[in-house]
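Participant: Quick one: the structure is below, and I'll ask about it shortly.
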Amino acid sequence: VAKSAPSTEQVSELAYCLVKETMTKCLASNKHFSGEWFAEGYRWHLTRSIRHATNSLMLAEKLDKDLNSESALDLARGAAIRAIFAIMCLQKNIK
């Protein structure tokens with residue numbers, strides 16, 4: 001086990017901040033409305049999560065260049081938030 005691994009609390013805080021920051025930013029942009037993410041359903045979010053994760057890996061491994069001015073970290077964050085959205089949709093049995 002890596003001694004430098006983040007603690008459970010640190011990982012939990014990151015997840016919380018990621019969700020709060022992303023949702024707040026999206027609503028403030030006026031490009032999305034409250035609850036829109038939920039109506040999109042789990043399939044939408046899972047496919048977007050896969051796309052973000054794949055693009056993140058491609059950038060991190062230098063297999064691709066700039067993707068819409070997003071970094072590998074930006075894309076990994078996008079993959080995580082989409083996965084969380086999918087989980088919420090699946091828990092509520094929304095298709």
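In the structure tokens, the first chain shown is A, the next is B, and so on; residue numbers restart at 1 for each chain, and ligands run from 1 in the order shown.
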Near A:Gly78, within 8 Å and counting only C-alpha atoms, which residues show up once chain neighbours fewer than 3 positions away are dropped, as an MDAnalysis selection string?
Facilitator: chainID A and resid 49 52:53 74:75 81:82
Participant: Residues at most 12 Å from A:Tyr16, counting only C-alpha atoms, excluding those fewer than 6 positions away in the same chain, as a CSV table (one decimal) with all heavy atoms, in the first residue's frame?
Facilitator:
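Okay, this is what ended up in around32.csv:
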```csv
chain,number,residue,atom,x,y,z
A,9,GLU,N,-11.0,10.5,3.8
A,9,GLU,CA,-11.5,11.8,3.9
A,9,GLU,C,-11.1,12.7,2.7
A,9,GLU,O,-11.9,13.5,2.2
A,9,GLU,CB,-11.1,12.5,5.2
A,9,GLU,CG,-11.7,11.8,6.5
A,9,GLU,CD,-11.1,10.5,6.8
A,9,GLU,OE1,-10.0,10.2,6.4
A,9,GLU,OE2,-11.7,9.7,7.6
A,10,GLN,N,-9.9,12.6,2.3
A,10,GLN,CA,-9.4,13.4,1.2
A,10,GLN,C,-10.1,13.1,-0.1
A,10,GLN,O,-10.5,14.0,-0.9
A,10,GLN,CB,-7.9,13.3,1.0
A,10,GLN,CG,-7.1,14.0,2.1
A,10,GLN,CD,-5.7,13.6,2.1
A,10,GLN,OE1,-5.3,12.5,1.9
A,10,GLN,NE2,-4.8,14.6,2.2
A,22,THR,N,-19.0,21.5,-10.2
A,22,THR,CA,-19.4,21.2,-11.6
A,22,THR,C,-20.9,21.7,-11.7
A,22,THR,O,-21.3,22.3,-12.7
A,22,THR,CB,-19.3,19.8,-11.9
A,22,THR,OG1,-17.9,19.4,-11.8
A,22,THR,CG2,-19.8,19.5,-13.3
A,23,MET,N,-21.7,21.3,-10.8
A,23,MET,CA,-23.2,21.6,-10.9
A,23,MET,C,-23.4,23.1,-10.7
A,23,MET,O,-24.2,23.7,-11.5
A,23,MET,CB,-23.9,20.8,-9.9
A,23,MET,CG,-24.0,19.3,-10.2
A,23,MET,SD,-24.9,18.3,-9.0
A,23,MET,CE,-26.6,18.6,-9.7
A,80,ALA,N,-15.5,11.4,-14.1
A,80,ALA,CA,-16.0,11.1,-12.7
A,80,ALA,C,-17.4,11.6,-12.4
A,80,ALA,O,-18.2,10.9,-11.9
A,80,ALA,CB,-15.0,11.6,-11.7
A,81,ILE,N,-17.6,12.9,-12.8
A,81,ILE,CA,-18.9,13.5,-12.6
A,81,ILE,C,-20.0,12.8,-13.4
A,81,ILE,O,-21.1,12.5,-12.8
A,81,ILE,CB,-18.9,15.0,-12.8
A,81,ILE,CG1,-20.1,15.7,-12.2
A,81,ILE,CG2,-18.8,15.4,-14.3
A,81,ILE,CD1,-20.2,15.8,-10.8
A,84,ILE,N,-20.8,9.6,-11.6
A,84,ILE,CA,-21.7,9.9,-10.4
A,84,ILE,C,-23.1,10.1,-10.8
A,84,ILE,O,-24.0,9.6,-10.2
A,84,ILE,CB,-21.1,11.0,-9.6
A,84,ILE,CG1,-19.8,10.6,-9.0
A,84,ILE,CG2,-22.1,11.5,-8.5
A,84,ILE,CD1,-18.9,11.7,-8.4
```
Participant: According to DSSP computed on the backbone, where in chain A is there helix (DSSP H, G or I)? Give the residues as a PyMOL selection string.
Facilitator: chain A and resi 8-28+36-60+72-91
Participant: Which residue gives the smallest distance to A:Arg77 among A:Ala5, A:Ala28, A:Cys89, A:Leu18, with only C-alpha atoms counted?
Facilitator: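 Counting only C-alpha atoms, the residue closest to A:Arg77 is A:Leu18.
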